[in-house]
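Structure file final22.cif (mmCIF, C-alpha atoms) follows.
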```
data_entry
loop_
_atom_site.group_PDB
_atom_site.id
_atom_site.type_symbol
_atom_site.label_atom_id
_atom_site.label_comp_id
_atom_site.auth_asym_id
_atom_site.auth_seq_id
_atom_site.Cartn_x
_atom_site.Cartn_y
_atom_site.Cartn_z
ATOM 1 C CA MET I 825 0.000 0.000 0.000
ATOM 2 C CA ASP I 826 1.512 3.317 -1.057
ATOM 3 C CA LEU I 827 0.563 6.411 0.875
ATOM 4 C CA SER I 828 1.718 9.960 1.486
ATOM 5 C CA GLU I 829 0.428 12.202 4.251
ATOM 6 C CA SER I 830 1.718 15.421 5.704
ATOM 7 C CA LYS I 831 0.737 17.704 8.525
ATOM 8 C CA ASP I 832 1.909 21.021 9.941
ATOM 9 C CA PHE I 833 2.640 21.484 13.627
ATOM 10 C CA LEU I 834 3.400 24.568 15.667
ATOM 11 C CA VAL I 835 7.066 24.547 16.668
ATOM 12 C CA HIS I 836 6.590 23.926 20.368
ATOM 13 C CA THR I 837 7.202 21.106 22.829
ATOM 14 C CA ALA I 838 3.442 20.807 23.308
ATOM 15 C CA SER I 839 3.179 19.712 19.659
ATOM 16 C CA LEU I 840 5.263 16.589 20.207
ATOM 17 C CA LYS I 841 2.252 14.617 21.403
ATOM 18 C CA GLU I 842 0.327 15.657 18.275
ATOM 19 C CA VAL I 843 3.299 14.546 16.175
ATOM 20 C CA ARG I 844 3.129 11.108 17.772
ATOM 21 C CA VAL I 845 -0.639 10.880 17.303
ATOM 22 C CA PHE I 846 -0.325 11.813 13.614
ATOM 23 C CA SER I 847 2.517 9.325 13.082
ATOM 24 C CA ARG I 848 0.672 6.485 14.788
ATOM 25 C CA GLU I 849 -2.429 7.165 12.706
ATOM 26 C CA VAL I 850 -0.457 7.001 9.470
ATOM 27 C CA PHE I 851 1.397 3.827 10.483
ATOM 28 C CA GLU I 852 -1.874 2.186 11.467
ATOM 29 C CA LYS I 853 -3.217 2.914 7.985
ATOM 30 C CA LEU I 854 -0.073 1.278 6.641
ATOM 31 C CA LYS I 855 -0.670 -1.732 8.931
ATOM 32 C CA ILE I 856 2.856 -1.564 10.328
ATOM 33 C CA ASN I 857 3.292 -3.922 13.271
ATOM 34 C CA ASN I 858 3.183 -2.395 16.721
ATOM 35 C CA ASP I 859 6.872 -2.811 17.665
ATOM 36 C CA LEU I 860 8.137 -1.209 14.467
ATOM 37 C CA LYS I 861 5.423 1.438 14.656
ATOM 38 C CA GLU I 862 6.561 2.560 18.100
ATOM 39 C CA GLU I 863 10.215 2.635 17.006
ATOM 40 C CA LEU I 864 9.313 4.778 14.012
ATOM 41 C CA VAL I 865 7.196 7.068 16.193
ATOM 42 C CA LEU I 866 10.185 7.503 18.508
ATOM 43 C CA ALA I 867 12.476 8.390 15.601
ATOM 44 C CA ILE I 868 9.976 10.919 14.265
ATOM 45 C CA ALA I 869 9.401 12.439 17.699
ATOM 46 C CA GLU I 870 13.158 12.755 18.274
ATOM 47 C CA ALA I 871 13.635 14.513 14.942
ATOM 48 C CA ALA I 872 10.722 16.861 15.710
ATOM 49 C CA GLN I 873 12.161 17.484 19.149
ATOM 50 C CA ASN I 874 15.496 18.401 17.548
ATOM 51 C CA ILE I 875 13.725 21.068 15.502
ATOM 52 C CA VAL I 876 12.174 22.574 18.638
ATOM 53 C CA LYS I 877 15.334 22.235 20.702
ATOM 54 C CA HIS I 878 18.064 23.096 18.204
ATOM 55 C CA ALA I 879 16.681 24.814 15.075
ATOM 56 C CA TYR I 880 14.627 27.099 17.324
ATOM 57 C CA LYS I 881 17.096 27.292 20.191
ATOM 58 C CA GLY I 882 16.556 30.495 22.133
ATOM 59 C CA VAL I 883 13.290 31.221 20.322
ATOM 60 C CA GLU I 884 10.254 31.178 22.565
ATOM 61 C CA ASN I 885 6.618 31.232 21.511
ATOM 62 C CA THR I 886 7.248 31.237 17.792
ATOM 63 C CA ALA I 887 4.275 31.157 15.449
ATOM 64 C CA ASP I 888 6.305 29.107 12.963
ATOM 65 C CA HIS I 889 5.181 25.674 11.918
ATOM 66 C CA MET I 890 7.150 22.592 10.988
ATOM 67 C CA GLN I 891 5.850 20.090 8.484
ATOM 68 C CA ILE I 892 6.155 16.331 8.670
ATOM 69 C CA LYS I 893 5.489 14.203 5.611
ATOM 70 C CA ILE I 894 5.297 10.419 5.808
ATOM 71 C CA SER I 895 5.428 8.517 2.519
ATOM 72 C CA LEU I 896 5.559 4.852 1.681
ATOM 73 C CA LYS I 897 6.295 3.712 -1.838
ATOM 74 C CA ASP I 898 7.387 0.221 -2.834
ATOM 75 C CA ASP I 899 8.263 -0.632 0.793
ATOM 76 C CA ASN I 900 10.486 2.433 1.090
ATOM 77 C CA LEU I 901 9.390 4.574 3.990
ATOM 78 C CA GLU I 902 10.439 8.203 3.768
ATOM 79 C CA ILE I 903 9.758 10.789 6.444
ATOM 80 C CA GLY I 904 10.385 14.422 5.611
ATOM 81 C CA PHE I 905 10.830 17.204 8.157
ATOM 82 C CA PHE I 906 10.621 20.819 7.048
ATOM 83 C CA ASP I 907 11.279 23.840 9.222
ATOM 84 C CA LYS I 908 12.210 27.510 9.024
ATOM 85 C CA GLY I 909 14.564 27.585 11.985
ATOM 86 C CA LYS I 910 18.291 28.196 12.074
ATOM 87 C CA PRO I 911 20.123 26.368 9.297
ATOM 88 C CA VAL I 912 21.422 23.035 10.501
ATOM 89 C CA VAL I 913 25.184 22.641 10.499
ATOM 90 C CA GLU I 914 25.538 18.945 9.819
ATOM 91 C CA GLU I 915 29.069 18.791 11.178
ATOM 92 C CA ASN I 916 27.698 19.781 14.579
ATOM 93 C CA ILE I 917 25.244 16.895 14.729
ATOM 94 C CA GLN I 918 26.631 14.077 16.790
ATOM 95 C CA HIS I 919 25.299 11.953 19.569
ATOM 96 C CA ARG I 920 27.225 11.480 22.780
ATOM 97 C CA LYS I 921 29.284 8.363 23.338
ATOM 98 C CA LEU I 922 27.088 5.774 25.026
ATOM 99 C CA ASP I 923 29.642 5.062 27.746
ATOM 100 C CA ASP I 924 29.745 8.759 28.637
ATOM 101 C CA ILE I 925 26.680 8.504 30.846
ATOM 102 C CA LYS I 926 25.029 11.881 31.166
ATOM 103 C CA PRO I 927 21.646 13.418 30.422
ATOM 104 C CA GLY I 928 21.065 14.429 26.800
ATOM 105 C CA GLY I 929 22.577 13.599 23.444
ATOM 106 C CA LEU I 930 20.615 10.430 22.749
ATOM 107 C CA GLY I 931 17.962 11.622 20.307
ATOM 108 C CA THR I 932 20.191 11.479 17.248
ATOM 109 C CA PHE I 933 21.528 8.111 18.396
ATOM 110 C CA PHE I 934 17.995 6.716 18.557
ATOM 111 C CA ILE I 935 17.221 8.028 15.075
ATOM 112 C CA LYS I 936 20.338 6.361 13.679
ATOM 113 C CA GLN I 937 19.514 3.096 15.444
ATOM 114 C CA ILE I 938 15.974 2.987 14.071
ATOM 115 C CA MET I 939 16.276 4.405 10.568
ATOM 116 C CA ASP I 940 18.436 3.281 7.634
ATOM 117 C CA ASP I 941 19.409 6.782 6.592
ATOM 118 C CA ALA I 942 19.122 10.431 7.602
ATOM 119 C CA VAL I 943 19.969 13.091 5.025
ATOM 120 C CA PHE I 944 19.617 16.868 4.997
ATOM 121 C CA LYS I 945 18.557 18.139 1.595
ATOM 122 C CA LYS I 946 19.095 21.648 0.317
ATOM 123 C CA ASP I 947 16.237 21.553 -2.144
ATOM 124 C CA GLN I 948 13.704 23.890 -0.586
ATOM 125 C CA GLN I 949 12.967 27.540 -1.119
ATOM 126 C CA LYS I 950 9.965 27.724 1.176
ATOM 127 C CA TRP I 951 11.753 26.029 4.076
ATOM 128 C CA VAL I 952 15.203 26.368 5.658
ATOM 129 C CA ASN I 953 15.892 22.801 6.749
ATOM 130 C CA HIS I 954 14.706 19.616 5.075
ATOM 131 C CA LEU I 955 15.621 16.355 6.762
ATOM 132 C CA ILE I 956 14.696 13.029 5.213
ATOM 133 C CA LEU I 957 14.677 9.859 7.302
ATOM 134 C CA SER I 958 14.312 6.656 5.335
ATOM 135 C CA LYS I 959 13.897 2.980 6.013
ATOM 136 C CA LYS I 960 13.132 -0.083 3.959
ATOM 137 C CA ILE I 961 10.218 -1.875 5.601
ATOM 138 C CA MET M 297 1.895 12.957 32.433
ATOM 139 C CA SER M 298 0.410 12.588 35.864
ATOM 140 C CA TYR M 299 1.946 11.208 39.035
ATOM 141 C CA LYS M 300 1.267 9.941 42.526
ATOM 142 C CA ILE M 301 3.721 9.701 45.419
ATOM 143 C CA THR M 302 3.552 7.286 48.328
ATOM 144 C CA GLU M 303 5.880 7.347 51.330
ATOM 145 C CA GLU M 304 7.006 4.436 53.447
ATOM 146 C CA GLY M 305 9.875 5.108 55.837
ATOM 147 C CA ASN M 306 12.739 6.550 53.829
ATOM 148 C CA ILE M 307 11.357 5.244 50.546
ATOM 149 C CA SER M 308 9.345 7.513 48.294
ATOM 150 C CA THR M 309 7.596 5.767 45.429
ATOM 151 C CA VAL M 310 6.675 7.916 42.464
ATOM 152 C CA PHE M 311 4.065 6.395 40.176
ATOM 153 C CA LEU M 312 4.336 8.103 36.801
ATOM 154 C CA ASP M 313 1.534 7.814 34.296
ATOM 155 C CA GLY M 314 1.248 8.639 30.594
ATOM 156 C CA GLU M 315 3.853 9.694 28.063
ATOM 157 C CA ILE M 316 7.141 11.286 29.077
ATOM 158 C CA ASP M 317 8.608 13.599 26.493
ATOM 159 C CA MET M 318 10.413 16.941 26.358
ATOM 160 C CA ASP M 319 7.176 18.752 27.173
ATOM 161 C CA VAL M 320 6.918 17.187 30.635
ATOM 162 C CA THR M 321 10.521 16.548 31.667
ATOM 163 C CA GLU M 322 10.727 19.682 33.804
ATOM 164 C CA LYS M 323 7.590 18.603 35.645
ATOM 165 C CA ALA M 324 9.035 15.105 36.148
ATOM 166 C CA LYS M 325 12.289 16.539 37.489
ATOM 167 C CA GLU M 326 10.401 18.869 39.833
ATOM 168 C CA VAL M 327 8.704 15.801 41.292
ATOM 169 C CA ILE M 328 11.691 13.466 41.520
ATOM 170 C CA LEU M 329 14.798 15.537 42.215
ATOM 171 C CA PRO M 330 13.674 17.191 45.490
ATOM 172 C CA LEU M 331 13.006 13.731 46.919
ATOM 173 C CA VAL M 332 16.480 12.590 45.914
ATOM 174 C CA GLU M 333 18.064 15.764 47.255
ATOM 175 C CA ALA M 334 16.271 15.162 50.562
ATOM 176 C CA GLY M 335 18.146 11.870 50.776
ATOM 177 C CA LYS M 336 15.132 9.676 50.110
ATOM 178 C CA GLU M 337 15.456 6.358 48.336
ATOM 179 C CA VAL M 338 13.227 6.941 45.338
ATOM 180 C CA HIS M 339 11.371 4.183 43.537
ATOM 181 C CA LEU M 340 10.093 5.194 40.117
ATOM 182 C CA ASN M 341 7.194 2.987 39.116
ATOM 183 C CA LEU M 342 6.846 3.118 35.323
ATOM 184 C CA LYS M 343 4.170 0.478 34.745
ATOM 185 C CA ASP M 344 1.752 3.103 33.441
ATOM 186 C CA VAL M 345 4.277 5.001 31.334
ATOM 187 C CA SER M 346 3.409 4.064 27.778
ATOM 188 C CA TYR M 347 6.046 6.139 26.002
ATOM 189 C CA MET M 348 9.392 7.675 26.868
ATOM 190 C CA ASP M 349 11.791 9.492 24.560
ATOM 191 C CA SER M 350 15.394 10.636 25.010
ATOM 192 C CA SER M 351 14.224 13.496 27.253
ATOM 193 C CA GLY M 352 12.613 11.011 29.628
ATOM 194 C CA ILE M 353 15.761 8.889 29.573
ATOM 195 C CA SER M 354 17.685 12.024 30.549
ATOM 196 C CA VAL M 355 15.430 12.399 33.590
ATOM 197 C CA LEU M 356 16.241 8.830 34.641
ATOM 198 C CA ILE M 357 19.982 9.444 34.207
ATOM 199 C CA GLU M 358 19.904 12.767 36.050
ATOM 200 C CA SER M 359 17.900 11.247 38.904
ATOM 201 C CA HIS M 360 20.296 8.310 39.141
ATOM 202 C CA GLN M 361 23.357 10.550 39.171
ATOM 203 C CA LYS M 362 21.817 12.965 41.666
ATOM 204 C CA ALA M 363 21.059 10.021 43.941
ATOM 205 C CA LEU M 364 24.679 8.890 43.842
ATOM 206 C CA GLU M 365 25.750 12.416 44.815
ATOM 207 C CA ASN M 366 23.345 12.290 47.751
ATOM 208 C CA ASN M 367 24.372 8.802 48.892
ATOM 209 C CA THR M 368 21.002 7.316 48.096
ATOM 210 C CA LYS M 369 19.546 5.507 45.123
ATOM 211 C CA VAL M 370 16.803 5.606 42.540
ATOM 212 C CA VAL M 371 15.219 2.273 41.674
ATOM 213 C CA VAL M 372 13.275 2.009 38.413
ATOM 214 C CA LYS M 373 10.440 -0.467 38.853
ATOM 215 C CA GLU M 374 7.856 -2.271 36.746
ATOM 216 C CA VAL M 375 9.111 -0.804 33.503
ATOM 217 C CA SER M 376 6.629 -1.187 30.659
ATOM 218 C CA LYS M 377 7.803 -3.095 27.589
ATOM 219 C CA SER M 378 7.938 -0.017 25.393
ATOM 220 C CA VAL M 379 10.013 1.980 27.882
ATOM 221 C CA LEU M 380 12.354 -0.954 28.545
ATOM 222 C CA LYS M 381 13.046 -1.104 24.829
ATOM 223 C CA VAL M 382 14.179 2.536 24.868
ATOM 224 C CA ILE M 383 16.296 2.014 27.999
ATOM 225 C CA MET M 384 17.975 -0.944 26.312
ATOM 226 C CA MET M 385 18.483 1.001 23.099
ATOM 227 C CA ALA M 386 20.397 3.532 25.211
ATOM 228 C CA LYS M 387 22.304 0.623 26.785
ATOM 229 C CA LEU M 388 21.353 1.795 30.264
ATOM 230 C CA GLU M 389 19.907 -1.426 31.637
ATOM 231 C CA GLN M 390 23.177 -2.127 33.482
ATOM 232 C CA ILE M 391 23.528 1.457 34.714
ATOM 233 C CA LEU M 392 20.083 2.185 36.098
ATOM 234 C CA ASN M 393 18.758 0.155 39.023
ATOM 235 C CA LEU M 394 16.012 -1.763 37.260
ATOM 236 C CA GLU M 395 13.666 -4.037 39.201
#
```

Take the structure from the file and write it as structure tokens.
Amino acid sequence: MDLSESKDFLVHTASLKEVRVFSREVFEKLKINNDLKEELVLAIAEAAQNIVKHAYKGVENTADHMQIKISLKDDNLEIGFFDKGKPVVEENIQHRKLDDIKPGGLGTFFIKQIMDDAVFKKDQQKWVNHLILSKKI
Amino acid sequence: MSYKITEEGNISTVFLDGEIDMDVTEKAKEVILPLVEAGKEVHLNLKDVSYMDSSGISVLIESHQKALENNTKVVVKEVSKSVLKVIMMAKLEQILNLE
């Protein structure tokens, strides 16, 4: 079953629950099993959280929205994240070492564990950042 | 997220309920850390926590480390399957006191 759905969310921590609800609804339509569904929801929520936490660092109560687009075509799942925050500097994105036990720095690690690939595209005029997470399912 | 606290001797048990994400981590810390700083042994009961992301994991780590500083401990109890999966993904099952 091929499908593509997208939704806009206010850039705010309170939107993270809505992001999860939207993601679960789409994955239920795609009949993805529960374990994989929850892993994918975690990856999506972590990427959305990174937008709130990093792309909009120091910005409070923005009226900006981020867009999340989930697409499945020929068993290739692609999740797009679009935002108008600060441009991402890819070289600065790294998770902490797992044996360096401290709070924080795990979101990107989770995304890498769950997804096959994470790529920032510079193909948008309307948006600043465009992240694509992909996974063969 | 909602919570309930029970006290028995020096043990405070915090029953957390719902989904723990970045939006509620400050609230979770406000509940847990003062107990730890007061020297209580804190039991975190997570049986009704259906979802936890990296922010929630950070709360567990911070609580654990704060407990060590205060010569007490935080015990994580009745972890739901979904949360245990995230704890194991972070390779923290040997670090946190899981029961």

| request: Using the chain letters and residue numbers of this document, give as a ChimeraX atom specification the residues selected by the PyMOL selection byres ((chain M) within 7 of (chain I)). | output: /M:318-319,349-351,354,357-358

| task | Give as a ChimeraX atom specification the residues that the PyMOL selection byres ((chain M and resi 311) around 9) matches when applied to the coordinates above. | result | /M:298-302,309-310,312-313,339-345

| request: Please write the residues picked by the PyMOL selection byres ((chain I and resi 912) around 10) on this file as a ChimeraX atom specification. | output: /I:875,878-879,909-911,913-917,944,952-955

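Counting from atom CA of I:Gln918, the distance to atom CA of I:Asp940 is 16.4 Å.
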
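Among the candidates M:Thr368, M:Ile353, M:Glu326, M:Glu337, the residue lying nearest to M:Lys387 is M:Ile353 (atoms considered: all atoms listed in the file).
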
| For M:Val355, which residue out of M:Ala386, M:Ile307, M:Ile328, M:Val375 is the nearest one, using all atoms listed in the file? | M:Ile328

| said: Just the number, please: distance in Å from atom CA of M:Gly352 to atom CA of I:Ile903, one decimal. | reply: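 Atom CA of M:Gly352 sits 23.4 Å away from atom CA of I:Ile903.
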
| note | Taken to one decimal, the atom CA of M:Tyr347-atom CA of I:Gly882 distance is 26.8 Å

| task | Tell me which of I:Ala942, I:Lys881, I:His889, I:Ser895 sits closest to I:Phe851, counting all atoms listed in the file. | result | I:Ser895

| task | Can you work out which one of M:Glu322, M:Ile316, M:Leu392, M:Val332 has the shortest atom-to-atom distance to M:Lys362, counting all atoms listed in the file? | result | M:Val332

| said: as a list in words, please: the residues near I:Asn885 (cut-off 9 Å, all atoms listed in the file, same-chain neighbours under 2 positions excluded). | reply: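 Everything that qualifies: Val835, His836, Val883, Ala887 and Asp888 of chain I.
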